[in-house]
Amino acid sequence: MSGLLNYVSCGVLWLGLLVKAPDLLRHRRDPYLRAICAVLGLAGLCFFLGAPPTVGAVNRLGGVPNLAAPVTYVAITGYCAASQVLIVHWRGGPRVHRTARRWMLAYAVVVLGIAVTFALGDAPVERRTDLDTYYATTPYLAQMIVLYLLAHLITVTVTTVSSLRWARRVRGGLRAGLVLLGTGSLCGAGYSVAKLVAVGARWSGRDWSALSTTVSPAAAGLGALLTVVGVLVPLAVPRVGEWRRARRTYARLGPLERTLEDLLTRRTLRLPRPRFASPTTRLMWRQTSIHNALSHLDAYFDQDLYDRTRSGVLAATDDRERAEAAAWAAVITAAVRQEADPGRRLPPSDGTGRLLGRVPEPAVLARIADALAGTSPVPVAPAVPSGTTTAGTA
């Protein structure tokens, strides 16, 4: 009677709604997002209203025995309508809005039927867990019970078939999400089927109420969990992939940052390290530190050394990207030594030989780091012609 399973299922669904809420706030007019948030919110509300403690509270506050039953059935019907609207938007087509309105109108009729049959029926004895089987033979209340169960069964069947059929046409996180959503809807069908079987048994004089009070809630709880995971997986998979790439790039840039470490510390060019940050934020922090150091070293970059190294590597490997990375690695290493030399000669005031405006892009930074780490060896640049001086030599 504690309703723990209901409250846990409700919490899981509303947690999924909380995750999707920021997207809904940014895209308020997106009908797909509105439908999916309605599905999560109403499904959670169904579990909340169906918990025995909530049932008792609604009955007590309303002053009507078993008032919680039609209230819960209306919430379930609203969930069914939202699910069908979601399926309609998934399928797309030229008549999306018209089809969605038809489904909403159909379920509005079901809601009206629930209200009318409850008002016509007589349910004086409060039943918090087994109302479906207890009143299965009571006029009007029996019709109310069958009406909401059939509406729910139709919805989960359509959702299951549509999700699994679409899953065969896509790949990756979307496919996994659709399979989970379809499986969750199939478990949801177990909720309706178990209750319908228990009601049918009651009509034939048998007592199979355990199907309604034990099997049905368990199937609904499992369906709720799978549904939430199915909704969140397509959202989480791209983000996890982005974080994985950011972690790899962050580690890959380590040799370049270590080359600039002394300069970053001595000139206080590094921003405070972010704590409890995502891999993407940490990568941005490292890239910013590197760009700060390169901007400071700009006056010490040796254009001639860059051109000679690039030409030499290009001639040896015929790889433009590797040649560019090797040239930058050589120039940066020379500039770091010159900037740190107490007896260094000041760079020319007219900017001759500077590489301003050619700060490496993020992809180039990673290749430069590879060159500095030795994974892409930097060939020795050709000797400087006699009588030539460069700004990058100590």
# chains A, B, ... in the order shown; residues from 1 in each chain; ligands from 1
>>> select_by_dssp(residues="region 266-313 of chain A", states="alpha helix (DSSP H)", output="PDB file with all heavy atoms, in the first residue's frame")
ATOM      1  N   ARG A 266      55.017  32.059 -16.169  1.00  0.00           N
ATOM      2  CA  ARG A 266      55.817  33.260 -15.930  1.00  0.00           C
ATOM      3  C   ARG A 266      55.069  34.526 -16.317  1.00  0.00           C
ATOM      4  O   ARG A 266      55.182  35.550 -15.651  1.00  0.00           O
ATOM      5  CB  ARG A 266      57.138  33.128 -16.721  1.00  0.00           C
ATOM      6  CG  ARG A 266      58.126  34.254 -16.525  1.00  0.00           C
ATOM      7  CD  ARG A 266      59.525  33.820 -16.970  1.00  0.00           C
ATOM      8  NE  ARG A 266      59.511  32.980 -18.137  1.00  0.00           N
ATOM      9  CZ  ARG A 266      59.450  33.417 -19.400  1.00  0.00           C
ATOM     10  NH1 ARG A 266      59.368  34.716 -19.635  1.00  0.00           N
ATOM     11  NH2 ARG A 266      59.463  32.578 -20.408  1.00  0.00           N
ATOM     12  N   PRO A 279      34.219  17.753 -20.210  1.00  0.00           N
ATOM     13  CA  PRO A 279      35.406  17.633 -21.068  1.00  0.00           C
ATOM     14  C   PRO A 279      35.484  18.738 -22.116  1.00  0.00           C
ATOM     15  O   PRO A 279      36.569  19.199 -22.454  1.00  0.00           O
ATOM     16  CB  PRO A 279      35.227  16.258 -21.716  1.00  0.00           C
ATOM     17  CG  PRO A 279      34.402  15.491 -20.744  1.00  0.00           C
ATOM     18  CD  PRO A 279      33.462  16.493 -20.135  1.00  0.00           C
ATOM     19  N   THR A 280      34.347  19.171 -22.626  1.00  0.00           N
ATOM     20  CA  THR A 280      34.340  20.242 -23.622  1.00  0.00           C
ATOM     21  C   THR A 280      34.860  21.550 -23.035  1.00  0.00           C
ATOM     22  O   THR A 280      35.638  22.267 -23.676  1.00  0.00           O
ATOM     23  CB  THR A 280      32.917  20.446 -24.168  1.00  0.00           C
ATOM     24  OG1 THR A 280      32.410  19.208 -24.667  1.00  0.00           O
ATOM     25  CG2 THR A 280      32.910  21.471 -25.281  1.00  0.00           C
ATOM     26  N   THR A 281      34.456  21.858 -21.811  1.00  0.00           N
ATOM     27  CA  THR A 281      34.918  23.084 -21.154  1.00  0.00           C
ATOM     28  C   THR A 281      36.414  23.012 -20.858  1.00  0.00           C
ATOM     29  O   THR A 281      37.137  23.999 -21.035  1.00  0.00           O
ATOM     30  CB  THR A 281      34.135  23.304 -19.851  1.00  0.00           C
ATOM     31  OG1 THR A 281      32.738  23.390 -20.159  1.00  0.00           O
ATOM     32  CG2 THR A 281      34.575  24.583 -19.162  1.00  0.00           C
ATOM     33  N   ARG A 282      36.892  21.861 -20.410  1.00  0.00           N
ATOM     34  CA  ARG A 282      38.327  21.715 -20.126  1.00  0.00           C
ATOM     35  C   ARG A 282      39.148  21.849 -21.399  1.00  0.00           C
ATOM     36  O   ARG A 282      40.234  22.442 -21.390  1.00  0.00           O
ATOM     37  CB  ARG A 282      38.594  20.367 -19.453  1.00  0.00           C
ATOM     38  CG  ARG A 282      38.050  20.279 -18.041  1.00  0.00           C
ATOM     39  CD  ARG A 282      38.696  19.137 -17.274  1.00  0.00           C
ATOM     40  NE  ARG A 282      38.416  17.853 -17.887  1.00  0.00           N
ATOM     41  CZ  ARG A 282      37.370  17.091 -17.587  1.00  0.00           C
ATOM     42  NH1 ARG A 282      36.494  17.511 -16.682  1.00  0.00           N
ATOM     43  NH2 ARG A 282      37.192  15.925 -18.185  1.00  0.00           N
ATOM     44  N   LEU A 283      38.633  21.299 -22.501  1.00  0.00           N
ATOM     45  CA  LEU A 283      39.334  21.448 -23.778  1.00  0.00           C
ATOM     46  C   LEU A 283      39.406  22.910 -24.183  1.00  0.00           C
ATOM     47  O   LEU A 283      40.457  23.398 -24.641  1.00  0.00           O
ATOM     48  CB  LEU A 283      38.624  20.622 -24.854  1.00  0.00           C
ATOM     49  CG  LEU A 283      39.144  20.802 -26.281  1.00  0.00           C
ATOM     50  CD1 LEU A 283      40.609  20.388 -26.378  1.00  0.00           C
ATOM     51  CD2 LEU A 283      38.289  20.016 -27.269  1.00  0.00           C
ATOM     52  N   MET A 284      38.302  23.632 -24.036  1.00  0.00           N
ATOM     53  CA  MET A 284      38.289  25.052 -24.374  1.00  0.00           C
ATOM     54  C   MET A 284      39.297  25.824 -23.521  1.00  0.00           C
ATOM     55  O   MET A 284      39.984  26.730 -24.011  1.00  0.00           O
ATOM     56  CB  MET A 284      36.879  25.622 -24.191  1.00  0.00           C
ATOM     57  CG  MET A 284      36.707  27.054 -24.669  1.00  0.00           C
ATOM     58  SD  MET A 284      35.002  27.627 -24.479  1.00  0.00           S
ATOM     59  CE  MET A 284      34.133  26.416 -25.475  1.00  0.00           C
ATOM     60  N   TRP A 285      39.384  25.449 -22.235  1.00  0.00           N
ATOM     61  CA  TRP A 285      40.345  26.096 -21.341  1.00  0.00           C
ATOM     62  C   TRP A 285      41.781  25.864 -21.822  1.00  0.00           C
ATOM     63  O   TRP A 285      42.586  26.798 -21.874  1.00  0.00           O
ATOM     64  CB  TRP A 285      40.184  25.542 -19.925  1.00  0.00           C
ATOM     65  CG  TRP A 285      41.272  25.954 -18.985  1.00  0.00           C
ATOM     66  CD1 TRP A 285      41.407  27.135 -18.331  1.00  0.00           C
ATOM     67  CD2 TRP A 285      42.408  25.169 -18.599  1.00  0.00           C
ATOM     68  NE1 TRP A 285      42.537  27.145 -17.560  1.00  0.00           N
ATOM     69  CE2 TRP A 285      43.175  25.944 -17.699  1.00  0.00           C
ATOM     70  CE3 TRP A 285      42.845  23.881 -18.919  1.00  0.00           C
ATOM     71  CZ2 TRP A 285      44.357  25.480 -17.128  1.00  0.00           C
ATOM     72  CZ3 TRP A 285      44.017  23.412 -18.354  1.00  0.00           C
ATOM     73  CH2 TRP A 285      44.757  24.205 -17.466  1.00  0.00           C
ATOM     74  N   ARG A 286      42.108  24.649 -22.222  1.00  0.00           N
ATOM     75  CA  ARG A 286      43.469  24.362 -22.690  1.00  0.00           C
ATOM     76  C   ARG A 286      43.749  25.069 -24.008  1.00  0.00           C
ATOM     77  O   ARG A 286      44.846  25.609 -24.211  1.00  0.00           O
ATOM     78  CB  ARG A 286      43.658  22.853 -22.829  1.00  0.00           C
ATOM     79  CG  ARG A 286      45.024  22.443 -23.388  1.00  0.00           C
ATOM     80  CD  ARG A 286      45.322  20.981 -23.148  1.00  0.00           C
ATOM     81  NE  ARG A 286      45.848  20.788 -21.795  1.00  0.00           N
ATOM     82  CZ  ARG A 286      46.272  19.613 -21.305  1.00  0.00           C
ATOM     83  NH1 ARG A 286      46.218  18.523 -22.068  1.00  0.00           N
ATOM     84  NH2 ARG A 286      46.746  19.528 -20.083  1.00  0.00           N
ATOM     85  N   GLN A 287      42.783  25.072 -24.897  1.00  0.00           N
ATOM     86  CA  GLN A 287      42.985  25.761 -26.174  1.00  0.00           C
ATOM     87  C   GLN A 287      43.169  27.261 -25.962  1.00  0.00           C
ATOM     88  O   GLN A 287      44.009  27.892 -26.632  1.00  0.00           O
ATOM     89  CB  GLN A 287      41.791  25.507 -27.096  1.00  0.00           C
ATOM     90  CG  GLN A 287      41.713  24.094 -27.636  1.00  0.00           C
ATOM     91  CD  GLN A 287      40.447  23.854 -28.452  1.00  0.00           C
ATOM     92  OE1 GLN A 287      39.432  24.523 -28.241  1.00  0.00           O
ATOM     93  NE2 GLN A 287      40.509  22.901 -29.360  1.00  0.00           N
ATOM     94  N   THR A 288      42.407  27.839 -25.042  1.00  0.00           N
ATOM     95  CA  THR A 288      42.550  29.266 -24.747  1.00  0.00           C
ATOM     96  C   THR A 288      43.924  29.577 -24.197  1.00  0.00           C
ATOM     97  O   THR A 288      44.546  30.578 -24.570  1.00  0.00           O
ATOM     98  CB  THR A 288      41.466  29.709 -23.749  1.00  0.00           C
ATOM     99  OG1 THR A 288      40.172  29.447 -24.303  1.00  0.00           O
ATOM    100  CG2 THR A 288      41.586  31.198 -23.440  1.00  0.00           C
ATOM    101  N   SER A 289      44.423  28.750 -23.296  1.00  0.00           N
ATOM    102  CA  SER A 289      45.764  28.944 -22.735  1.00  0.00           C
ATOM    103  C   SER A 289      46.825  28.908 -23.829  1.00  0.00           C
ATOM    104  O   SER A 289      47.744  29.743 -23.872  1.00  0.00           O
ATOM    105  CB  SER A 289      46.056  27.872 -21.682  1.00  0.00           C
ATOM    106  OG  SER A 289      45.142  27.940 -20.611  1.00  0.00           O
ATOM    107  N   ILE A 290      46.690  27.944 -24.727  1.00  0.00           N
ATOM    108  CA  ILE A 290      47.660  27.823 -25.820  1.00  0.00           C
ATOM    109  C   ILE A 290      47.601  29.041 -26.729  1.00  0.00           C
ATOM    110  O   ILE A 290      48.648  29.595 -27.116  1.00  0.00           O
ATOM    111  CB  ILE A 290      47.393  26.524 -26.604  1.00  0.00           C
ATOM    112  CG1 ILE A 290      47.750  25.306 -25.740  1.00  0.00           C
ATOM    113  CG2 ILE A 290      48.196  26.510 -27.911  1.00  0.00           C
ATOM    114  CD1 ILE A 290      47.354  23.978 -26.357  1.00  0.00           C
ATOM    115  N   HIS A 291      46.402  29.494 -27.054  1.00  0.00           N
ATOM    116  CA  HIS A 291      46.276  30.674 -27.922  1.00  0.00           C
ATOM    117  C   HIS A 291      46.833  31.927 -27.243  1.00  0.00           C
ATOM    118  O   HIS A 291      47.440  32.778 -27.908  1.00  0.00           O
ATOM    119  CB  HIS A 291      44.808  30.891 -28.311  1.00  0.00           C
ATOM    120  CG  HIS A 291      44.360  30.052 -29.458  1.00  0.00           C
ATOM    121  ND1 HIS A 291      44.865  30.213 -30.730  1.00  0.00           N
ATOM    122  CD2 HIS A 291      43.463  29.023 -29.532  1.00  0.00           C
ATOM    123  CE1 HIS A 291      44.293  29.349 -31.540  1.00  0.00           C
ATOM    124  NE2 HIS A 291      43.443  28.605 -30.847  1.00  0.00           N
ATOM    125  N   ASN A 292      46.644  32.048 -25.932  1.00  0.00           N
ATOM    126  CA  ASN A 292      47.223  33.182 -25.220  1.00  0.00           C
ATOM    127  C   ASN A 292      48.733  33.185 -25.337  1.00  0.00           C
ATOM    128  O   ASN A 292      49.370  34.231 -25.559  1.00  0.00           O
ATOM    129  CB  ASN A 292      46.815  33.147 -23.740  1.00  0.00           C
ATOM    130  CG  ASN A 292      45.350  33.473 -23.530  1.00  0.00           C
ATOM    131  OD1 ASN A 292      44.702  34.009 -24.429  1.00  0.00           O
ATOM    132  ND2 ASN A 292      44.836  33.153 -22.361  1.00  0.00           N
ATOM    133  N   ALA A 293      49.327  32.007 -25.180  1.00  0.00           N
ATOM    134  CA  ALA A 293      50.793  31.904 -25.269  1.00  0.00           C
ATOM    135  C   ALA A 293      51.267  32.197 -26.684  1.00  0.00           C
ATOM    136  O   ALA A 293      52.268  32.923 -26.879  1.00  0.00           O
ATOM    137  CB  ALA A 293      51.236  30.515 -24.836  1.00  0.00           C
ATOM    138  N   LEU A 294      50.569  31.671 -27.695  1.00  0.00           N
ATOM    139  CA  LEU A 294      50.989  31.902 -29.077  1.00  0.00           C
ATOM    140  C   LEU A 294      50.847  33.379 -29.454  1.00  0.00           C
ATOM    141  O   LEU A 294      51.670  33.910 -30.214  1.00  0.00           O
ATOM    142  CB  LEU A 294      50.168  31.032 -30.023  1.00  0.00           C
ATOM    143  CG  LEU A 294      50.365  29.516 -29.879  1.00  0.00           C
ATOM    144  CD1 LEU A 294      49.539  28.769 -30.924  1.00  0.00           C
ATOM    145  CD2 LEU A 294      51.837  29.137 -30.001  1.00  0.00           C
ATOM    146  N   SER A 295      49.804  34.028 -28.938  1.00  0.00           N
ATOM    147  CA  SER A 295      49.643  35.457 -29.218  1.00  0.00           C
ATOM    148  C   SER A 295      50.803  36.244 -28.610  1.00  0.00           C
ATOM    149  O   SER A 295      51.297  37.214 -29.215  1.00  0.00           O
ATOM    150  CB  SER A 295      48.315  35.960 -28.649  1.00  0.00           C
ATOM    151  OG  SER A 295      47.227  35.321 -29.297  1.00  0.00           O
ATOM    152  N   HIS A 296      51.236  35.850 -27.421  1.00  0.00           N
ATOM    153  CA  HIS A 296      52.383  36.526 -26.788  1.00  0.00           C
ATOM    154  C   HIS A 296      53.667  36.272 -27.562  1.00  0.00           C
ATOM    155  O   HIS A 296      54.532  37.160 -27.643  1.00  0.00           O
ATOM    156  CB  HIS A 296      52.532  36.028 -25.345  1.00  0.00           C
ATOM    157  CG  HIS A 296      53.673  36.663 -24.610  1.00  0.00           C
ATOM    158  ND1 HIS A 296      53.587  37.915 -24.041  1.00  0.00           N
ATOM    159  CD2 HIS A 296      54.945  36.223 -24.384  1.00  0.00           C
ATOM    160  CE1 HIS A 296      54.744  38.224 -23.473  1.00  0.00           C
ATOM    161  NE2 HIS A 296      55.577  37.206 -23.662  1.00  0.00           N
ATOM    162  N   LEU A 297      53.797  35.082 -28.143  1.00  0.00           N
ATOM    163  CA  LEU A 297      55.027  34.726 -28.867  1.00  0.00           C
ATOM    164  C   LEU A 297      55.039  35.228 -30.304  1.00  0.00           C
ATOM    165  O   LEU A 297      56.050  35.067 -31.000  1.00  0.00           O
ATOM    166  CB  LEU A 297      55.187  33.196 -28.885  1.00  0.00           C
ATOM    167  CG  LEU A 297      55.553  32.516 -27.568  1.00  0.00           C
ATOM    168  CD1 LEU A 297      55.527  31.002 -27.753  1.00  0.00           C
ATOM    169  CD2 LEU A 297      56.932  32.970 -27.089  1.00  0.00           C
ATOM    170  N   GLN A 303      59.464  33.720 -39.607  1.00  0.00           N
ATOM    171  CA  GLN A 303      58.824  33.354 -40.871  1.00  0.00           C
ATOM    172  C   GLN A 303      59.740  32.498 -41.736  1.00  0.00           C
ATOM    173  O   GLN A 303      59.296  31.529 -42.360  1.00  0.00           O
ATOM    174  CB  GLN A 303      58.427  34.625 -41.623  1.00  0.00           C
ATOM    175  CG  GLN A 303      57.765  34.376 -42.969  1.00  0.00           C
ATOM    176  CD  GLN A 303      56.371  33.801 -42.830  1.00  0.00           C
ATOM    177  OE1 GLN A 303      55.528  34.412 -42.182  1.00  0.00           O
ATOM    178  NE2 GLN A 303      56.126  32.646 -43.409  1.00  0.00           N
ATOM    179  N   ASP A 304      61.031  32.850 -41.760  1.00  0.00           N
ATOM    180  CA  ASP A 304      61.972  32.105 -42.608  1.00  0.00           C
ATOM    181  C   ASP A 304      62.112  30.659 -42.130  1.00  0.00           C
ATOM    182  O   ASP A 304      62.120  29.720 -42.923  1.00  0.00           O
ATOM    183  CB  ASP A 304      63.337  32.802 -42.600  1.00  0.00           C
ATOM    184  CG  ASP A 304      64.316  32.122 -43.552  1.00  0.00           C
ATOM    185  OD1 ASP A 304      64.008  32.050 -44.757  1.00  0.00           O
ATOM    186  OD2 ASP A 304      65.362  31.631 -43.069  1.00  0.00           O
ATOM    187  N   LEU A 305      62.190  30.481 -40.782  1.00  0.00           N
ATOM    188  CA  LEU A 305      62.289  29.133 -40.233  1.00  0.00           C
ATOM    189  C   LEU A 305      61.030  28.342 -40.565  1.00  0.00           C
ATOM    190  O   LEU A 305      61.100  27.147 -40.891  1.00  0.00           O
ATOM    191  CB  LEU A 305      62.493  29.198 -38.718  1.00  0.00           C
ATOM    192  CG  LEU A 305      62.533  27.860 -37.971  1.00  0.00           C
ATOM    193  CD1 LEU A 305      63.671  26.982 -38.479  1.00  0.00           C
ATOM    194  CD2 LEU A 305      62.644  28.089 -36.469  1.00  0.00           C
ATOM    195  N   TYR A 306      59.892  28.987 -40.484  1.00  0.00           N
ATOM    196  CA  TYR A 306      58.628  28.333 -40.819  1.00  0.00           C
ATOM    197  C   TYR A 306      58.640  27.852 -42.273  1.00  0.00           C
ATOM    198  O   TYR A 306      58.323  26.693 -42.570  1.00  0.00           O
ATOM    199  CB  TYR A 306      57.474  29.309 -40.592  1.00  0.00           C
ATOM    200  CG  TYR A 306      56.111  28.755 -40.964  1.00  0.00           C
ATOM    201  CD1 TYR A 306      55.322  28.111 -40.024  1.00  0.00           C
ATOM    202  CD2 TYR A 306      55.626  28.879 -42.267  1.00  0.00           C
ATOM    203  CE1 TYR A 306      54.072  27.603 -40.358  1.00  0.00           C
ATOM    204  CE2 TYR A 306      54.383  28.370 -42.619  1.00  0.00           C
ATOM    205  CZ  TYR A 306      53.603  27.731 -41.660  1.00  0.00           C
ATOM    206  OH  TYR A 306      52.384  27.226 -42.011  1.00  0.00           O
ATOM    207  N   ASP A 307      59.030  28.745 -43.195  1.00  0.00           N
ATOM    208  CA  ASP A 307      59.003  28.396 -44.620  1.00  0.00           C
ATOM    209  C   ASP A 307      59.996  27.283 -44.942  1.00  0.00           C
ATOM    210  O   ASP A 307      59.679  26.366 -45.705  1.00  0.00           O
ATOM    211  CB  ASP A 307      59.324  29.632 -45.462  1.00  0.00           C
ATOM    212  CG  ASP A 307      58.217  30.676 -45.374  1.00  0.00           C
ATOM    213  OD1 ASP A 307      57.078  30.311 -45.023  1.00  0.00           O
ATOM    214  OD2 ASP A 307      58.509  31.870 -45.630  1.00  0.00           O
ATOM    215  N   ARG A 308      61.208  27.360 -44.334  1.00  0.00           N
ATOM    216  CA  ARG A 308      62.216  26.342 -44.630  1.00  0.00           C
ATOM    217  C   ARG A 308      61.783  24.967 -44.101  1.00  0.00           C
ATOM    218  O   ARG A 308      61.930  23.958 -44.789  1.00  0.00           O
ATOM    219  CB  ARG A 308      63.563  26.742 -44.011  1.00  0.00           C
ATOM    220  CG  ARG A 308      64.248  27.889 -44.755  1.00  0.00           C
ATOM    221  CD  ARG A 308      65.652  28.152 -44.220  1.00  0.00           C
ATOM    222  NE  ARG A 308      65.620  28.732 -42.875  1.00  0.00           N
ATOM    223  CZ  ARG A 308      65.972  28.090 -41.771  1.00  0.00           C
ATOM    224  NH1 ARG A 308      66.350  26.827 -41.834  1.00  0.00           N
ATOM    225  NH2 ARG A 308      65.937  28.703 -40.599  1.00  0.00           N
ATOM    226  N   THR A 309      61.250  24.963 -42.881  1.00  0.00           N
ATOM    227  CA  THR A 309      60.835  23.681 -42.303  1.00  0.00           C
ATOM    228  C   THR A 309      59.664  23.097 -43.081  1.00  0.00           C
ATOM    229  O   THR A 309      59.638  21.899 -43.380  1.00  0.00           O
ATOM    230  CB  THR A 309      60.443  23.876 -40.831  1.00  0.00           C
ATOM    231  OG1 THR A 309      61.519  24.475 -40.125  1.00  0.00           O
ATOM    232  CG2 THR A 309      60.102  22.538 -40.187  1.00  0.00           C
ATOM    233  N   ARG A 310      58.733  23.929 -43.426  1.00  0.00           N
ATOM    234  CA  ARG A 310      57.573  23.441 -44.170  1.00  0.00           C
ATOM    235  C   ARG A 310      57.981  22.881 -45.527  1.00  0.00           C
ATOM    236  O   ARG A 310      57.518  21.803 -45.933  1.00  0.00           O
ATOM    237  CB  ARG A 310      56.559  24.571 -44.355  1.00  0.00           C
ATOM    238  CG  ARG A 310      55.266  24.155 -45.043  1.00  0.00           C
ATOM    239  CD  ARG A 310      54.293  25.325 -45.153  1.00  0.00           C
ATOM    240  NE  ARG A 310      53.030  24.901 -45.745  1.00  0.00           N
ATOM    241  CZ  ARG A 310      52.837  24.753 -47.047  1.00  0.00           C
ATOM    242  NH1 ARG A 310      53.832  25.007 -47.897  1.00  0.00           N
ATOM    243  NH2 ARG A 310      51.653  24.353 -47.499  1.00  0.00           N
ATOM    244  N   SER A 311      58.869  23.582 -46.221  1.00  0.00           N
ATOM    245  CA  SER A 311      59.310  23.120 -47.541  1.00  0.00           C
ATOM    246  C   SER A 311      60.060  21.802 -47.431  1.00  0.00           C
ATOM    247  O   SER A 311      59.878  20.887 -48.250  1.00  0.00           O
ATOM    248  CB  SER A 311      60.210  24.173 -48.196  1.00  0.00           C
ATOM    249  OG  SER A 311      59.491  25.376 -48.390  1.00  0.00           O
ATOM    250  N   GLY A 312      60.903  21.687 -46.387  1.00  0.00           N
ATOM    251  CA  GLY A 312      61.676  20.462 -46.221  1.00  0.00           C
ATOM    252  C   GLY A 312      60.793  19.262 -45.936  1.00  0.00           C
ATOM    253  O   GLY A 312      60.970  18.186 -46.534  1.00  0.00           O
ATOM    254  N   VAL A 313      59.828  19.432 -45.029  1.00  0.00           N
ATOM    255  CA  VAL A 313      58.940  18.317 -44.691  1.00  0.00           C
ATOM    256  C   VAL A 313      58.028  17.983 -45.862  1.00  0.00           C
ATOM    257  O   VAL A 313      57.752  16.815 -46.148  1.00  0.00           O
ATOM    258  CB  VAL A 313      58.115  18.657 -43.435  1.00  0.00           C
ATOM    259  CG1 VAL A 313      57.121  17.542 -43.119  1.00  0.00           C
ATOM    260  CG2 VAL A 313      59.027  18.892 -42.248  1.00  0.00           C
TER     261      VAL A 313
END
>>> residues_around(residues="Ala81 (chain A)", least_positions_apart="2", cutoff="12 Å", atoms="only C-alpha atoms", output="short mmCIF file (atom, residue, chain, number, x, y, z; two decimals) with N, CA and C atoms, in the first residue's frame")
data_model
loop_
_atom_site.label_atom_id
_atom_site.label_comp_id
_atom_site.auth_asym_id
_atom_site.auth_seq_id
_atom_site.Cartn_x
_atom_site.Cartn_y
_atom_site.Cartn_z
N ALA A 35 5.17 17.52 -27.53
CA ALA A 35 4.52 16.21 -27.40
C ALA A 35 5.33 15.28 -26.50
N ILE A 36 6.64 15.27 -26.68
CA ILE A 36 7.46 14.35 -25.90
C ILE A 36 7.49 14.76 -24.43
N ALA A 38 5.00 16.31 -22.95
CA ALA A 38 3.66 15.96 -22.47
C ALA A 38 3.57 14.48 -22.15
N VAL A 39 4.20 13.64 -22.98
CA VAL A 39 4.20 12.19 -22.73
C VAL A 39 4.88 11.90 -21.39
N LEU A 42 2.73 13.52 -18.35
CA LEU A 42 1.47 12.84 -18.08
C LEU A 42 1.68 11.41 -17.62
N ALA A 43 2.70 10.73 -18.16
CA ALA A 43 2.98 9.37 -17.71
C ALA A 43 3.38 9.37 -16.23
N VAL A 74 -8.44 9.64 -16.53
CA VAL A 74 -8.35 10.81 -17.42
C VAL A 74 -6.89 11.14 -17.69
N ALA A 75 -6.03 11.05 -16.65
CA ALA A 75 -4.59 11.30 -16.85
C ALA A 75 -4.00 10.27 -17.80
N ILE A 76 -4.42 9.00 -17.66
CA ILE A 76 -3.93 7.95 -18.57
C ILE A 76 -4.39 8.23 -20.00
N THR A 77 -5.62 8.68 -20.15
CA THR A 77 -6.13 9.01 -21.48
C THR A 77 -5.38 10.19 -22.08
N GLY A 78 -5.06 11.19 -21.24
CA GLY A 78 -4.25 12.31 -21.72
C GLY A 78 -2.88 11.85 -22.17
N TYR A 79 -2.30 10.92 -21.42
CA TYR A 79 -1.01 10.34 -21.83
C TYR A 79 -1.15 9.64 -23.18
N SER A 83 0.84 10.57 -26.59
CA SER A 83 1.65 9.56 -27.27
C SER A 83 1.28 9.46 -28.75
N GLN A 84 -0.01 9.51 -29.04
CA GLN A 84 -0.43 9.43 -30.43
C GLN A 84 0.01 10.67 -31.21
N VAL A 85 -0.08 11.82 -30.58
CA VAL A 85 0.39 13.05 -31.24
C VAL A 85 1.88 12.96 -31.52
N LEU A 86 2.64 12.41 -30.57
CA LEU A 86 4.08 12.23 -30.77
C LEU A 86 4.35 11.32 -31.96
N ILE A 87 3.61 10.22 -32.05
CA ILE A 87 3.78 9.30 -33.18
C ILE A 87 3.46 10.00 -34.49
N VAL A 88 2.43 10.81 -34.49
CA VAL A 88 2.04 11.53 -35.72
C VAL A 88 3.17 12.44 -36.18
N THR A 99 -4.18 15.26 -38.49
CA THR A 99 -4.21 13.94 -37.86
C THR A 99 -4.07 14.04 -36.35
N ALA A 100 -3.17 14.94 -35.89
CA ALA A 100 -2.99 15.12 -34.45
C ALA A 100 -4.28 15.62 -33.80
N ARG A 101 -4.96 16.55 -34.47
CA ARG A 101 -6.22 17.06 -33.91
C ARG A 101 -7.28 15.96 -33.83
N ARG A 102 -7.30 15.07 -34.81
CA ARG A 102 -8.27 13.97 -34.80
C ARG A 102 -8.03 13.03 -33.62
N TRP A 103 -6.75 12.72 -33.38
CA TRP A 103 -6.44 11.86 -32.23
C TRP A 103 -6.84 12.55 -30.93
N MET A 104 -6.55 13.83 -30.81
CA MET A 104 -6.91 14.55 -29.59
C MET A 104 -8.42 14.58 -29.40
N LEU A 105 -9.16 14.76 -30.49
CA LEU A 105 -10.62 14.76 -30.40
C LEU A 105 -11.13 13.38 -29.97
N ALA A 106 -10.53 12.32 -30.52
CA ALA A 106 -10.95 10.96 -30.17
C ALA A 106 -10.75 10.69 -28.68
N TYR A 107 -9.61 11.11 -28.16
CA TYR A 107 -9.35 10.86 -26.75
C TYR A 107 -10.15 11.82 -25.86
N ALA A 108 -10.52 12.95 -26.37
CA ALA A 108 -11.42 13.82 -25.62
C ALA A 108 -12.78 13.15 -25.44
N VAL A 109 -13.22 12.41 -26.46
CA VAL A 109 -14.46 11.65 -26.35
C VAL A 109 -14.32 10.56 -25.28
N VAL A 110 -13.13 9.93 -25.23
CA VAL A 110 -12.89 8.91 -24.20
C VAL A 110 -12.96 9.54 -22.82
N VAL A 111 -12.37 10.71 -22.65
CA VAL A 111 -12.42 11.41 -21.35
C VAL A 111 -13.86 11.70 -20.96
N TYR A 148 -11.15 2.91 -20.68
CA TYR A 148 -9.81 3.49 -20.52
C TYR A 148 -8.72 2.45 -20.81
N ALA A 151 -8.39 2.15 -24.62
CA ALA A 151 -7.72 3.34 -25.15
C ALA A 151 -6.22 3.26 -24.90
N HIS A 152 -5.84 2.81 -23.71
CA HIS A 152 -4.42 2.68 -23.39
C HIS A 152 -3.78 1.58 -24.23
N ILE A 154 -4.61 0.48 -27.21
CA ILE A 154 -4.45 0.94 -28.59
C ILE A 154 -3.23 1.83 -28.72
N THR A 155 -3.06 2.73 -27.75
CA THR A 155 -1.94 3.67 -27.80
C THR A 155 -0.60 2.96 -27.74
N VAL A 156 -0.43 2.08 -26.76
CA VAL A 156 0.88 1.43 -26.60
C VAL A 156 1.15 0.49 -27.77
N VAL A 158 0.16 1.00 -30.96
CA VAL A 158 0.59 1.85 -32.07
C VAL A 158 2.01 2.36 -31.83
N THR A 159 2.31 2.76 -30.59
CA THR A 159 3.65 3.26 -30.27
C THR A 159 4.70 2.18 -30.47
#
